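protein-v5.cif, holding mmCIF, C-alpha atoms:
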data_run
#
loop_
_atom_site.label_atom_id
_atom_site.label_comp_id
_atom_site.auth_asym_id
_atom_site.auth_seq_id
_atom_site.Cartn_x
_atom_site.Cartn_y
_atom_site.Cartn_z
CA MET A 99 17.72 76.08 137.12
CA LEU A 100 15.85 72.79 136.70
CA TYR A 101 19.18 70.96 136.88
CA TYR A 102 19.92 72.37 140.34
CA LEU A 103 16.31 71.94 141.47
CA ALA A 104 16.40 68.28 140.39
CA ASN A 105 19.63 67.76 142.34
CA LEU A 106 17.94 69.17 145.44
CA LEU A 107 14.82 67.04 144.99
CA GLU A 108 16.93 63.93 144.38
CA LYS A 109 18.34 64.28 147.88
CA TRP A 110 14.75 64.02 149.14
CA ASP A 111 14.34 60.75 147.20
CA ILE A 112 11.90 62.22 144.68
CA PRO A 113 11.76 59.63 141.84
CA GLY A 114 12.88 60.56 138.32
CA MET A 115 15.08 63.49 139.34
CA HIS A 116 18.30 61.61 138.55
CA MET A 117 17.47 61.92 134.84
CA PHE A 118 18.61 65.55 134.92
CA SER A 119 22.17 64.38 135.60
CA TYR A 120 22.30 62.82 132.12
CA VAL A 121 23.53 65.08 129.34
CA SER A 122 21.48 63.12 126.78
CA PHE A 123 18.23 63.81 128.68
CA ARG A 124 18.94 67.49 129.22
CA SER A 125 20.05 67.91 125.58
CA LEU A 126 16.87 66.40 124.16
CA MET A 127 14.77 68.42 126.60
CA ALA A 128 16.63 71.56 125.45
CA LEU A 129 15.84 70.67 121.83
CA ILE A 130 12.13 70.23 122.56
CA ILE A 131 11.83 73.37 124.71
CA SER A 132 13.68 75.54 122.18
CA LEU A 133 11.41 74.26 119.39
CA LEU A 134 8.28 75.05 121.38
CA VAL A 135 9.54 78.45 122.53
CA SER A 136 10.57 79.53 119.03
CA MET A 137 7.23 78.43 117.53
CA TRP A 138 5.07 79.94 120.30
CA PHE A 139 7.07 83.13 120.79
CA GLY A 140 7.61 83.44 117.02
CA GLU A 141 3.88 83.77 116.32
CA TYR A 142 3.50 86.39 119.06
CA PHE A 143 6.60 88.28 117.90
CA ILE A 144 5.52 88.37 114.23
CA LYS A 145 2.10 89.78 115.15
CA MET A 146 3.72 92.42 117.35
CA MET A 147 6.19 93.47 114.62
CA LYS A 148 3.39 93.75 112.07
CA ARG A 149 1.38 95.95 114.40
CA LYS A 150 4.37 98.22 114.85
CA ASN A 151 5.23 98.05 111.12
CA VAL A 152 8.81 96.95 111.87
CA ILE A 153 10.12 95.91 108.47
CA GLU A 154 13.55 95.90 106.86
CA THR A 155 13.32 98.64 104.26
CA GLN A 156 16.34 97.33 102.32
CA ARG A 157 14.28 94.38 101.15
CA ASP A 158 11.22 96.38 100.16
CA ALA A 159 12.43 96.55 96.57
CA SER A 160 13.20 92.82 96.43
CA ILE A 161 10.50 91.17 94.34
CA ASP A 162 10.78 87.45 93.79
CA PRO A 163 11.05 86.67 90.03
CA TYR A 164 8.30 84.08 90.56
CA GLY A 165 5.86 86.68 91.83
CA VAL A 166 6.08 86.60 95.64
CA ASN A 167 6.12 90.16 96.93
CA LYS A 168 8.19 90.50 100.11
CA VAL A 169 7.30 94.08 100.84
CA GLY A 170 6.19 94.50 104.43
CA VAL A 171 7.65 91.29 105.85
CA PRO A 172 8.80 91.94 109.46
CA SER A 173 12.49 91.80 110.34
CA MET A 174 14.59 91.34 113.50
CA GLY A 175 13.44 87.71 113.78
CA GLY A 176 16.81 86.89 115.31
CA VAL A 177 15.20 87.87 118.60
CA ILE A 178 13.10 84.69 118.33
CA ILE A 179 16.23 82.58 117.89
CA ILE A 180 18.06 84.20 120.80
CA VAL A 181 15.12 83.82 123.21
CA ALA A 182 14.62 80.20 122.15
CA ILE A 183 18.30 79.48 122.86
CA LEU A 184 18.51 81.24 126.21
CA VAL A 185 15.34 79.83 127.80
CA PRO A 186 16.27 76.09 127.68
CA CYS A 187 19.92 76.81 128.51
CA LEU A 188 18.91 78.78 131.61
CA LEU A 189 16.51 76.01 132.61
CA LEU A 190 18.71 72.99 131.94
CA GLY A 191 22.32 74.15 131.86
CA ARG A 192 25.06 73.92 134.46
CA PHE A 193 26.29 77.42 135.20
CA ASP A 194 29.52 76.19 136.75
CA ASN A 195 30.67 75.12 133.28
CA VAL A 196 32.95 77.56 131.44
CA TYR A 197 31.90 76.36 128.00
CA LEU A 198 28.19 76.96 128.57
CA ASN A 199 28.86 80.39 130.08
CA LEU A 200 31.05 81.28 127.10
CA MET A 201 28.28 80.31 124.68
CA LEU A 202 25.70 82.36 126.60
CA VAL A 203 27.99 85.41 126.54
CA THR A 204 28.51 84.91 122.80
CA THR A 205 24.77 84.74 122.19
CA VAL A 206 24.00 87.92 124.13
CA TRP A 207 27.06 89.83 122.86
CA LEU A 208 26.48 89.27 119.15
CA GLY A 209 22.72 89.45 119.58
CA ALA A 210 23.14 92.97 120.95
CA LEU A 211 25.53 93.88 118.10
CA GLY A 212 23.11 92.63 115.46
CA PHE A 213 20.15 94.25 117.21
CA ALA A 214 21.93 97.62 117.14
CA ASP A 215 22.50 97.22 113.40
CA ASP A 216 18.85 96.35 112.71
CA TYR A 217 17.62 99.14 115.00
CA ILE A 218 19.56 101.76 113.04
CA LYS A 219 18.32 100.37 109.71
CA ILE A 220 14.68 100.15 110.69
CA PHE A 221 14.03 102.86 113.27
CA LYS A 222 16.65 105.40 112.18
CA LYS A 223 15.92 104.73 108.48
CA ASP A 224 19.65 104.39 107.74
CA LYS A 225 20.19 101.64 105.16
CA GLU A 226 23.87 101.37 106.09
CA GLY A 227 23.02 100.28 109.61
CA LEU A 228 25.72 100.10 112.24
CA HIS A 229 29.02 101.40 110.87
CA GLY A 230 31.31 98.60 109.73
CA LYS A 231 34.08 99.57 112.11
CA PHE A 232 31.78 99.12 115.11
CA LYS A 233 30.80 95.66 113.89
CA ILE A 234 34.47 94.74 113.57
CA ILE A 235 35.20 96.14 117.03
CA GLY A 236 32.36 94.04 118.47
CA GLN A 237 33.55 90.89 116.71
CA VAL A 238 37.18 91.46 117.68
CA GLY A 239 36.09 92.14 121.27
CA LEU A 240 34.25 88.83 121.39
CA GLY A 241 37.26 87.07 119.89
CA LEU A 242 39.43 88.48 122.67
CA ILE A 243 36.95 87.37 125.34
CA VAL A 244 36.79 83.83 123.93
CA GLY A 245 40.53 83.50 123.39
CA LEU A 246 41.49 84.85 126.82
CA THR A 247 38.79 82.81 128.60
CA LEU A 248 40.04 79.57 127.04
CA TYR A 249 43.59 80.62 127.96
CA TYR A 250 42.99 81.53 131.61
CA SER A 251 40.12 79.26 132.64
CA PRO A 252 41.27 76.21 134.65
CA GLN A 253 38.31 74.29 133.21
CA ALA A 254 39.40 74.73 129.59
CA VAL A 255 41.75 71.76 129.44
CA ILE A 256 42.29 68.63 127.36
CA ARG A 257 43.71 65.15 127.73
CA GLU A 258 45.79 64.46 124.68
CA ASN A 259 45.81 61.13 122.86
CA ILE A 260 49.45 60.02 123.12
CA SER A 261 49.78 56.46 121.85
CA ILE A 262 48.12 53.49 120.19
CA GLN A 263 48.28 50.07 121.82
CA LYS A 264 47.44 46.87 119.97
CA THR A 265 46.00 43.90 121.82
CA ASN A 266 45.06 40.82 119.76
CA GLY A 267 44.96 42.99 116.68
CA ILE A 268 42.61 45.54 118.28
CA GLU A 269 43.86 49.13 118.50
CA THR A 270 43.32 51.05 121.73
CA ILE A 271 44.01 54.77 122.04
CA VAL A 272 45.71 55.88 125.24
CA HIS A 273 45.08 59.41 126.54
CA LYS A 274 47.24 61.23 129.05
CA SER A 275 46.18 60.68 132.63
CA GLN A 276 46.54 64.36 133.51
CA GLU A 277 44.47 67.23 132.18
CA GLU A 278 46.49 70.13 130.79
CA LYS A 279 46.20 73.50 129.10
CA SER A 280 47.04 73.14 125.45
CA THR A 281 47.38 75.16 122.26
CA LYS A 282 46.70 72.07 120.17
CA THR A 283 43.81 71.83 117.75
CA THR A 284 42.42 69.29 115.33
CA ILE A 285 43.62 69.56 111.74
CA PRO A 286 42.29 67.38 108.91
CA PHE A 287 44.27 64.98 106.72
CA PHE A 288 47.39 64.84 108.92
CA LYS A 289 48.62 61.63 110.54
CA LYS A 290 48.25 62.72 114.18
CA ASN A 291 45.28 64.91 113.29
CA GLN A 292 46.65 67.69 115.49
CA LEU A 293 48.40 71.01 115.13
CA ASP A 294 50.07 72.87 117.98
CA TYR A 295 50.04 76.64 117.58
CA ALA A 296 53.16 76.72 119.77
CA ASP A 297 55.05 74.74 117.11
CA ILE A 298 54.28 77.42 114.52
CA VAL A 299 56.05 80.01 116.70
CA SER A 300 58.82 77.68 117.88
CA PHE A 301 61.33 80.37 116.91
CA CYS A 302 60.30 82.11 120.16
CA GLY A 303 62.29 79.48 122.07
CA LYS A 304 61.31 79.09 125.71
CA HIS A 305 58.46 81.59 125.21
CA LYS A 306 56.85 79.59 122.41
CA GLN A 307 53.98 78.36 124.60
CA LYS A 308 52.87 81.90 125.45
CA ALA A 309 53.42 82.94 121.84
CA GLY A 310 51.25 79.98 120.82
CA TRP A 311 48.40 81.31 122.97
CA ILE A 312 48.79 84.77 121.44
CA LEU A 313 48.57 83.18 118.00
CA PHE A 314 45.48 81.25 119.13
CA VAL A 315 43.81 84.49 120.22
CA PHE A 316 44.48 86.01 116.78
CA VAL A 317 43.04 82.90 115.11
CA THR A 318 40.01 83.18 117.39
CA ILE A 319 39.40 86.78 116.31
CA LEU A 320 39.80 85.81 112.65
CA VAL A 321 37.43 82.83 112.89
CA VAL A 322 34.74 84.73 114.81
CA THR A 323 34.84 87.64 112.36
CA ALA A 324 34.93 85.50 109.21
CA VAL A 325 32.17 83.05 110.17
CA SER A 326 29.94 85.77 111.59
CA ASN A 327 30.21 87.79 108.38
CA GLY A 328 29.78 84.64 106.26
CA ALA A 329 26.51 83.78 107.98
CA ASN A 330 25.40 87.39 107.58
CA LEU A 331 26.02 87.20 103.81
CA ASN A 332 24.30 83.80 103.59
CA ASP A 333 21.11 85.33 105.00
CA GLY A 334 19.59 86.43 101.72
CA MET A 335 16.92 83.85 100.94
CA ASP A 336 14.05 82.44 102.93
CA GLY A 337 15.32 79.65 105.19
CA MET A 338 18.85 79.72 103.76
CA ALA A 339 20.95 80.79 106.76
CA ALA A 340 18.75 79.07 109.36
CA GLY A 341 18.82 75.72 107.52
CA ASN A 342 22.56 75.77 106.82
CA SER A 343 23.35 76.81 110.38
CA ALA A 344 21.16 74.07 111.85
CA ILE A 345 23.06 71.44 109.83
CA ILE A 346 26.39 72.91 110.93
CA GLY A 347 25.14 73.01 114.52
CA VAL A 348 24.22 69.30 114.46
CA THR A 349 27.72 68.47 113.18
CA LEU A 350 29.42 70.52 115.91
CA GLY A 351 27.13 68.90 118.48
CA ILE A 352 28.30 65.45 117.34
CA LEU A 353 31.94 66.55 117.51
CA ALA A 354 31.40 68.05 120.99
CA TYR A 355 29.76 64.85 122.23
CA VAL A 356 32.51 62.50 121.00
CA SER A 357 35.17 64.91 122.32
CA SER A 358 33.56 64.85 125.78
CA HIS A 359 33.36 61.03 125.90
CA ILE A 360 36.74 59.40 126.52
CA GLN A 361 35.78 56.10 124.84
CA PHE A 362 34.49 57.79 121.69
CA ALA A 363 37.47 60.17 121.66
CA GLY A 364 39.70 57.12 121.93
CA TYR A 365 37.94 55.33 119.08
CA LEU A 366 38.30 58.37 116.78
CA ASN A 367 41.83 59.07 118.06
CA ILE A 368 41.05 62.69 118.94
CA MET A 369 41.75 64.74 122.05
CA TYR A 370 39.44 64.26 125.03
CA ILE A 371 37.96 67.54 126.31
CA PRO A 372 36.47 67.17 129.82
CA GLY A 373 33.44 69.32 130.52
CA CYS A 374 32.51 70.09 126.92
CA GLU A 375 29.44 67.86 127.20
CA GLU A 376 27.54 70.98 128.31
CA ILE A 377 28.11 72.30 124.82
CA VAL A 378 25.82 69.50 123.59
CA VAL A 379 22.98 70.93 125.70
CA TYR A 380 23.59 74.34 124.18
CA VAL A 381 23.85 72.97 120.63
CA CYS A 382 20.51 71.19 120.97
CA ALA A 383 18.91 74.46 122.08
CA PHE A 384 20.62 76.22 119.16
CA VAL A 385 19.43 73.68 116.57
CA GLY A 386 15.93 73.58 118.04
CA ALA A 387 15.70 77.37 117.91
CA LEU A 388 16.75 77.43 114.25
CA ILE A 389 14.34 74.68 113.22
CA GLY A 390 11.52 76.40 115.11
CA PHE A 391 12.43 79.66 113.38
CA LEU A 392 12.20 77.87 110.01
CA TRP A 393 8.51 77.29 110.78
CA TYR A 394 8.04 80.97 109.96
CA ASN A 395 11.12 81.69 107.84
CA ALA A 396 10.65 78.92 105.23
CA TYR A 397 9.62 80.15 101.78
CA PRO A 398 7.65 82.37 101.57
CA ALA A 399 9.02 83.91 104.76
CA GLN A 400 6.71 85.44 107.33
CA ILE A 401 9.70 87.08 109.02
CA PHE A 402 13.39 87.77 108.30
CA MET A 403 16.05 87.13 110.93
CA GLY A 404 17.97 90.35 110.18
CA ASP A 405 21.48 90.96 111.47
CA THR A 406 20.18 90.21 114.97
CA GLY A 407 20.02 86.60 113.87
CA SER A 408 22.67 86.20 111.19
CA LEU A 409 25.55 87.82 113.07
CA THR A 410 24.61 85.86 116.19
CA ILE A 411 24.38 82.40 114.62
CA GLY A 412 27.64 82.92 112.72
CA GLY A 413 29.47 83.89 115.90
CA ILE A 414 27.92 80.99 117.79
CA ILE A 415 29.18 78.52 115.18
CA ALA A 416 32.68 80.01 115.35
CA VAL A 417 32.89 79.89 119.15
CA LEU A 418 31.48 76.35 119.26
CA ALA A 419 34.25 75.18 116.93
CA LEU A 420 36.91 77.03 118.92
CA ALA A 421 35.72 75.64 122.26
CA ILE A 422 36.12 72.03 121.08
CA HIS A 423 39.42 72.70 119.26
CA LYS A 424 37.92 72.12 115.80
CA GLU A 425 38.29 75.60 114.32
CA LEU A 426 40.51 74.39 111.47
CA LEU A 427 37.62 72.24 110.23
CA ILE A 428 35.57 75.41 109.69
CA PRO A 429 36.66 75.95 106.03
CA ILE A 430 35.17 72.53 105.21
CA LEU A 431 32.14 72.54 107.48
CA CYS A 432 31.23 76.16 106.74
CA GLY A 433 32.24 75.93 103.09
CA ILE A 434 29.05 77.72 102.04
CA PHE A 435 29.89 80.69 104.26
CA LEU A 436 33.46 80.70 102.91
CA VAL A 437 32.26 80.78 99.30
CA GLU A 438 29.78 83.56 100.12
CA ASN A 439 32.62 85.65 101.58
CA LEU A 440 34.99 84.94 98.68
CA SER A 441 32.36 85.72 96.05
CA VAL A 442 31.79 89.20 97.50
CA ILE A 443 35.55 89.87 97.76
CA LEU A 444 36.18 88.70 94.16
CA GLN A 445 33.25 90.70 92.81
CA THR A 446 34.34 93.87 94.58
CA GLN A 447 37.99 93.66 93.58
CA TYR A 448 37.25 92.73 89.96
CA PHE A 449 34.78 95.61 89.64
CA LYS A 450 37.36 98.04 91.05
CA MET A 451 39.98 96.80 88.58
CA GLY A 452 37.60 97.45 85.69
CA LYS A 453 36.66 100.87 87.05
CA LYS A 454 40.30 101.96 86.87
CA LYS A 455 40.32 100.97 83.19
CA GLY A 456 36.99 102.63 82.55
CA VAL A 457 35.26 99.28 82.00
CA ARG A 458 32.17 97.89 83.74
CA GLN A 459 32.94 94.29 84.63
CA ARG A 460 31.83 91.71 87.14
CA VAL A 461 32.74 88.12 87.94
CA PHE A 462 29.22 86.93 88.79
CA LYS A 463 25.79 88.22 87.87
CA ARG A 464 25.25 89.17 91.52
CA THR A 465 26.79 88.48 94.91
CA PRO A 466 26.69 86.93 97.47
CA ILE A 467 26.90 83.84 95.27
CA HIS A 468 23.42 82.51 96.10
CA ASP A 469 21.89 85.58 94.45
CA THR A 470 23.47 84.81 91.08
CA PHE A 471 21.22 81.75 90.73
CA ARG A 472 18.00 83.79 90.80
CA VAL A 473 18.96 86.74 88.57
CA THR A 474 16.84 87.06 85.44
CA PRO A 475 18.35 88.33 82.14
CA GLN A 476 16.30 91.52 82.54
CA GLN A 477 18.05 92.24 85.87
CA MET A 478 21.54 92.08 84.33
CA ASP A 479 23.38 95.26 83.36
CA PRO A 480 23.56 95.36 79.52
CA GLU A 481 26.62 97.63 79.67
CA CYS A 482 28.55 95.27 81.95
CA SER A 483 30.64 92.24 80.97
CA TYR A 484 30.35 89.10 83.14
CA LEU A 485 32.91 86.32 83.54
CA PHE A 486 30.25 83.81 84.57
CA THR A 487 26.65 83.98 83.38
CA PHE A 488 25.49 80.59 84.70
CA PRO A 489 22.66 79.79 85.03
CA ARG A 490 20.98 81.13 81.92
CA ARG A 491 17.58 80.86 83.56
CA PRO A 492 16.91 81.68 87.21
CA PHE A 493 16.10 78.95 89.72
CA HIS A 494 13.23 79.21 92.14
CA GLU A 495 14.37 80.57 95.50
CA ALA A 496 13.12 77.48 97.36
CA LYS A 497 15.12 75.20 95.03
CA ILE A 498 18.29 77.23 95.58
CA THR A 499 17.83 77.08 99.34
CA VAL A 500 17.32 73.32 99.45
CA ARG A 501 20.32 72.72 97.17
CA PHE A 502 22.49 74.84 99.47
CA TRP A 503 21.23 72.76 102.41
CA ILE A 504 22.17 69.56 100.57
CA THR A 505 25.63 70.98 99.87
CA THR A 506 26.07 71.79 103.56
CA ILE A 507 24.99 68.24 104.51
CA ILE A 508 27.69 66.85 102.19
CA LEU A 509 30.28 69.19 103.69
CA ALA A 510 29.19 68.18 107.20
CA ALA A 511 29.67 64.50 106.32
CA ILE A 512 33.11 65.23 104.86
CA THR A 513 34.02 67.14 108.05
CA ILE A 514 33.27 64.13 110.23
CA ILE A 515 35.00 61.75 107.82
CA THR A 516 38.21 63.81 108.01
CA LEU A 517 38.65 62.60 111.60
CA LYS A 518 39.45 59.15 110.19
CA ILE A 519 41.23 60.22 106.99
CA ARG A 520 44.79 60.98 107.92
#

Encoded form (structure tokens):
Amino acid sequence: MLYYLANLLEKWDIPGMHMFSYVSFRSLMALIISLLVSMWFGEYFIKMMKRKNVIETQRDASIDPYGVNKVGVPSMGGVIIIVAILVPCLLLGRFDNVYLNLMLVTTVWLGALGFADDYIKIFKKDKEGLHGKFKIIGQVGLGLIVGLTLYYSPQAVIRENISIQKTNGIETIVHKSQEEKSTKTTIPFFKKNQLDYADIVSFCGKHKQKAGWILFVFVTILVVTAVSNGANLNDGMDGMAAGNSAIIGVTLGILAYVSSHIQFAGYLNIMYIPGCEEIVVYVCAFVGALIGFLWYNAYPAQIFMGDTGSLTIGGIIAVLALAIHKELLIPILCGIFLVENLSVILQTQYFKMGKKKGVRQRVFKRTPIHDTFRVTPQQMDPECSYLFTFPRRPFHEAKITVRFWITTIILAAITIITLKIR
């Protein structure tokens, strides 16, 4: 709203209003506003939840091995994150931009899905929460919305980098002069750094372009579901999911900015995506909201984000990557989420295999994988065999969280480096 108001006031020669036309100014303002909103609203929200005794009963039995009792800590803190994202975006965003609208829909859609799950757990006293099939339906539905929007929207276009010209030993990347719909995406470690989904289904002949879009929609559904669930699993320690997601958000913001700037896109030899600069405004609001939430969620947490937060931030990360054609960088950038998912799958399957043989067996001491680092010997099942028993002694929860953040920073750096390693 402020963007449009500033445009109106600029016509009346009000000084300073032209600043709102700069993405950098609006992005930094979004960061500041989201920080302030999350910190101010967070304090009010925590007090309200304590008054109403809204706590996540699943965690009532979770006692920190170092003596911090988490019984009675409020949940559903994801509401703070969502509000802190929406307020600056509504104030500073351009609503004629398909990418910003897509991110706002993603935020509200998955926020509602996560809220329903938390509501059932807390108010209906059902520890299972929203049935898994309904979560999948919600995630698949969002994947369809994202995939079809990027397919049909005339704004969702790219200008492909087509050649390299050398002048006096200096390389210059040349992009196509015309914008076009494309099923191409960035892929690491390959010479041209691009993969066309249409080439994968080239056996479809003259229909390969449409088949490529169908494949892209399936990939969209897979990415949204996987990353959303990965973030949900990563939310098990104070500050863990919020910190990792903020680092990932900063990385995607950098990628969105260079993709929206034809000179930077040329320097990195990546596709130029007109209009995706509005994603930078959203990302700054996203990162600001997460950092502001950490004010209360850092160890020892005063509030948990619940599925309202974890499902939402995971879906946001997935859609951000898809919008800027960087979804195939997700396994590197979101490596922590990937490992969390794989650890649960391995643990479940290995346990089932042992059950058929009448043997109690597990791969890790506990999953998701971050939990295995804080399990004490007394918490292990003496009748169960474990493939991996590292570490022998538990780490402090705060140490585990910070080390996971450091790992995500390394993965984020590798993700950006892959744009030049080909």

The PyMOL selection byres ((chain A and resi 396) around 12) resolved against shown file, as a list in words: Met335, Asp336, Gly337, Met338, Ala339, Ala340, Gly341, Leu388, Ile389, Gly390, Phe391, Leu392, Trp393, Tyr394, Asn395, Tyr397, Pro398, Ala399, Gln400, Ile401, Phe402, Met403, Glu495, Ala496, Lys497, Thr499 and Val500 of chain A

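Here the question is which of A:Lys308, A:Lys274, A:Arg124, A:Arg257 gets nearest to A:Leu189 using only C-alpha atoms, and that residue is A:Arg124.
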
Selection under test: the PyMOL selection byres ((chain A and resi 100) around 9); residues as a ChimeraX atom specification: /A:99,101-105,118,188-191

Per residue of stretch 407-460 of chain A within 9 Å of stretch 345-363 of chain A, what are the shortest atom pair and its distance in Å to one decimal, counting all atoms listed in the file, with rows by chain and residue number, as a tab-separated table?
residue	atom	partner	partner_atom	distance
A:Ile415	CA	A:Gly347	CA	6.9
A:Leu418	CA	A:Leu350	CA	7.0
A:Ala419	CA	A:Leu350	CA	6.8
A:Ala421	CA	A:Ala354	CA	8.8
A:Ile422	CA	A:Ala354	CA	6.2
A:Lys424	CA	A:Leu353	CA	8.3
A:Leu431	CA	A:Ile346	CA	6.7
A:Cys432	CA	A:Ile346	CA	7.2

Test item: residues at most 9 Å from A:Asn327, all atoms listed in the file, excluding those fewer than 2 positions along its chain, as a PyMOL selection string: chain A and resi 322-325+329-332+408-409+412-413+435+439

Minimum-distance residue to A:Ala416, chosen among A:Thr283, A:Asn195, A:Thr505, A:Thr318 (using only C-alpha atoms): A:Thr318

Check which residues satisfy the PyMOL selection byres ((chain A and resi 309) around 12) in the file shown, then give them as a PDB file with C-alpha atoms, in the frame of the given file.
ATOM      1  CA  TYR A 249      43.590  80.620 127.960  1.00  0.00           C
ATOM      2  CA  THR A 281      47.380  75.160 122.260  1.00  0.00           C
ATOM      3  CA  ASP A 294      50.070  72.870 117.980  1.00  0.00           C
ATOM      4  CA  TYR A 295      50.040  76.640 117.580  1.00  0.00           C
ATOM      5  CA  ALA A 296      53.160  76.720 119.770  1.00  0.00           C
ATOM      6  CA  ASP A 297      55.050  74.740 117.110  1.00  0.00           C
ATOM      7  CA  ILE A 298      54.280  77.420 114.520  1.00  0.00           C
ATOM      8  CA  VAL A 299      56.050  80.010 116.700  1.00  0.00           C
ATOM      9  CA  SER A 300      58.820  77.680 117.880  1.00  0.00           C
ATOM     10  CA  PHE A 301      61.330  80.370 116.910  1.00  0.00           C
ATOM     11  CA  CYS A 302      60.300  82.110 120.160  1.00  0.00           C
ATOM     12  CA  GLY A 303      62.290  79.480 122.070  1.00  0.00           C
ATOM     13  CA  LYS A 304      61.310  79.090 125.710  1.00  0.00           C
ATOM     14  CA  HIS A 305      58.460  81.590 125.210  1.00  0.00           C
ATOM     15  CA  LYS A 306      56.850  79.590 122.410  1.00  0.00           C
ATOM     16  CA  GLN A 307      53.980  78.360 124.600  1.00  0.00           C
ATOM     17  CA  LYS A 308      52.870  81.900 125.450  1.00  0.00           C
ATOM     18  CA  GLY A 310      51.250  79.980 120.820  1.00  0.00           C
ATOM     19  CA  TRP A 311      48.400  81.310 122.970  1.00  0.00           C
ATOM     20  CA  ILE A 312      48.790  84.770 121.440  1.00  0.00           C
ATOM     21  CA  LEU A 313      48.570  83.180 118.000  1.00  0.00           C
ATOM     22  CA  PHE A 314      45.480  81.250 119.130  1.00  0.00           C
ATOM     23  CA  VAL A 315      43.810  84.490 120.220  1.00  0.00           C
ATOM     24  CA  PHE A 316      44.480  86.010 116.780  1.00  0.00           C
TER      25      PHE A 316
END

Long-range neighbours of stretch 463-465 of chain A as a list of chain:residue names, 8 Å cut-off, only C-alpha atoms, 6 positions minimum in chain: A:Glu438, A:Ser441, A:Val442, A:Gln445, A:Val473, A:Met478, A:Tyr484, A:Phe486, A:Thr487

Residues from the last selection, C-alpha atoms, saved as a compact mmCIF listing (two decimals), in the coordinates of the input:
# COMPACT_ATOMS: atom_id res chain seq x y z
CA GLU A 438 29.78 83.56 100.12
CA SER A 441 32.36 85.72 96.05
CA VAL A 442 31.79 89.20 97.50
CA GLN A 445 33.25 90.70 92.81
CA VAL A 473 18.96 86.74 88.57
CA MET A 478 21.54 92.08 84.33
CA TYR A 484 30.35 89.10 83.14
CA PHE A 486 30.25 83.81 84.57
CA THR A 487 26.65 83.98 83.38

Residue contacts of A:Ile368 (8 Å, all atoms listed in the file) excluding same-chain residues fewer than 5 positions away, as a PyMOL selection string: chain A and resi 258-259+284+291+357+363+517

Place N, CA and C atoms on stretch 472-485 of chain A and deliver the coordinates as a PDB file, in the coordinates of the input.
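rebuild04.pdb, freshly written:
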ATOM      1  N   ARG A 472      19.390  83.362  90.972  1.00  0.00           N
ATOM      2  CA  ARG A 472      18.000  83.790  90.800  1.00  0.00           C
ATOM      3  C   ARG A 472      17.874  85.072  89.979  1.00  0.00           C
ATOM      4  N   VAL A 473      18.990  85.514  89.373  1.00  0.00           N
ATOM      5  CA  VAL A 473      18.960  86.740  88.570  1.00  0.00           C
ATOM      6  C   VAL A 473      18.396  86.435  87.183  1.00  0.00           C
ATOM      7  N   THR A 474      17.409  87.209  86.776  1.00  0.00           N
ATOM      8  CA  THR A 474      16.840  87.060  85.440  1.00  0.00           C
ATOM      9  C   THR A 474      17.662  87.875  84.432  1.00  0.00           C
ATOM     10  N   PRO A 475      17.609  87.542  83.146  1.00  0.00           N
ATOM     11  CA  PRO A 475      18.350  88.330  82.140  1.00  0.00           C
ATOM     12  C   PRO A 475      17.986  89.812  82.172  1.00  0.00           C
ATOM     13  N   GLN A 476      16.735  90.122  82.500  1.00  0.00           N
ATOM     14  CA  GLN A 476      16.300  91.520  82.540  1.00  0.00           C
ATOM     15  C   GLN A 476      16.970  92.296  83.681  1.00  0.00           C
ATOM     16  N   GLN A 477      17.424  91.577  84.719  1.00  0.00           N
ATOM     17  CA  GLN A 477      18.050  92.240  85.870  1.00  0.00           C
ATOM     18  C   GLN A 477      19.544  92.462  85.667  1.00  0.00           C
ATOM     19  N   MET A 478      20.108  91.915  84.595  1.00  0.00           N
ATOM     20  CA  MET A 478      21.540  92.080  84.330  1.00  0.00           C
ATOM     21  C   MET A 478      21.814  93.418  83.659  1.00  0.00           C
ATOM     22  N   ASP A 479      22.983  93.979  83.931  1.00  0.00           N
ATOM     23  CA  ASP A 479      23.380  95.260  83.360  1.00  0.00           C
ATOM     24  C   ASP A 479      23.859  95.043  81.922  1.00  0.00           C
ATOM     25  N   PRO A 480      23.164  95.592  80.919  1.00  0.00           N
ATOM     26  CA  PRO A 480      23.560  95.360  79.520  1.00  0.00           C
ATOM     27  C   PRO A 480      24.905  95.985  79.163  1.00  0.00           C
ATOM     28  N   GLU A 481      25.351  96.967  79.958  1.00  0.00           N
ATOM     29  CA  GLU A 481      26.620  97.630  79.670  1.00  0.00           C
ATOM     30  C   GLU A 481      27.794  96.995  80.411  1.00  0.00           C
ATOM     31  N   CYS A 482      27.508  95.916  81.123  1.00  0.00           N
ATOM     32  CA  CYS A 482      28.550  95.270  81.950  1.00  0.00           C
ATOM     33  C   CYS A 482      28.903  93.909  81.347  1.00  0.00           C
ATOM     34  N   SER A 483      30.198  93.565  81.415  1.00  0.00           N
ATOM     35  CA  SER A 483      30.640  92.240  80.970  1.00  0.00           C
ATOM     36  C   SER A 483      30.760  91.326  82.199  1.00  0.00           C
ATOM     37  N   TYR A 484      30.333  90.063  82.034  1.00  0.00           N
ATOM     38  CA  TYR A 484      30.350  89.100  83.140  1.00  0.00           C
ATOM     39  C   TYR A 484      31.250  87.920  82.786  1.00  0.00           C
ATOM     40  N   LEU A 485      32.082  87.505  83.752  1.00  0.00           N
ATOM     41  CA  LEU A 485      32.910  86.320  83.540  1.00  0.00           C
ATOM     42  C   LEU A 485      32.078  85.053  83.539  1.00  0.00           C
TER      43      LEU A 485
END
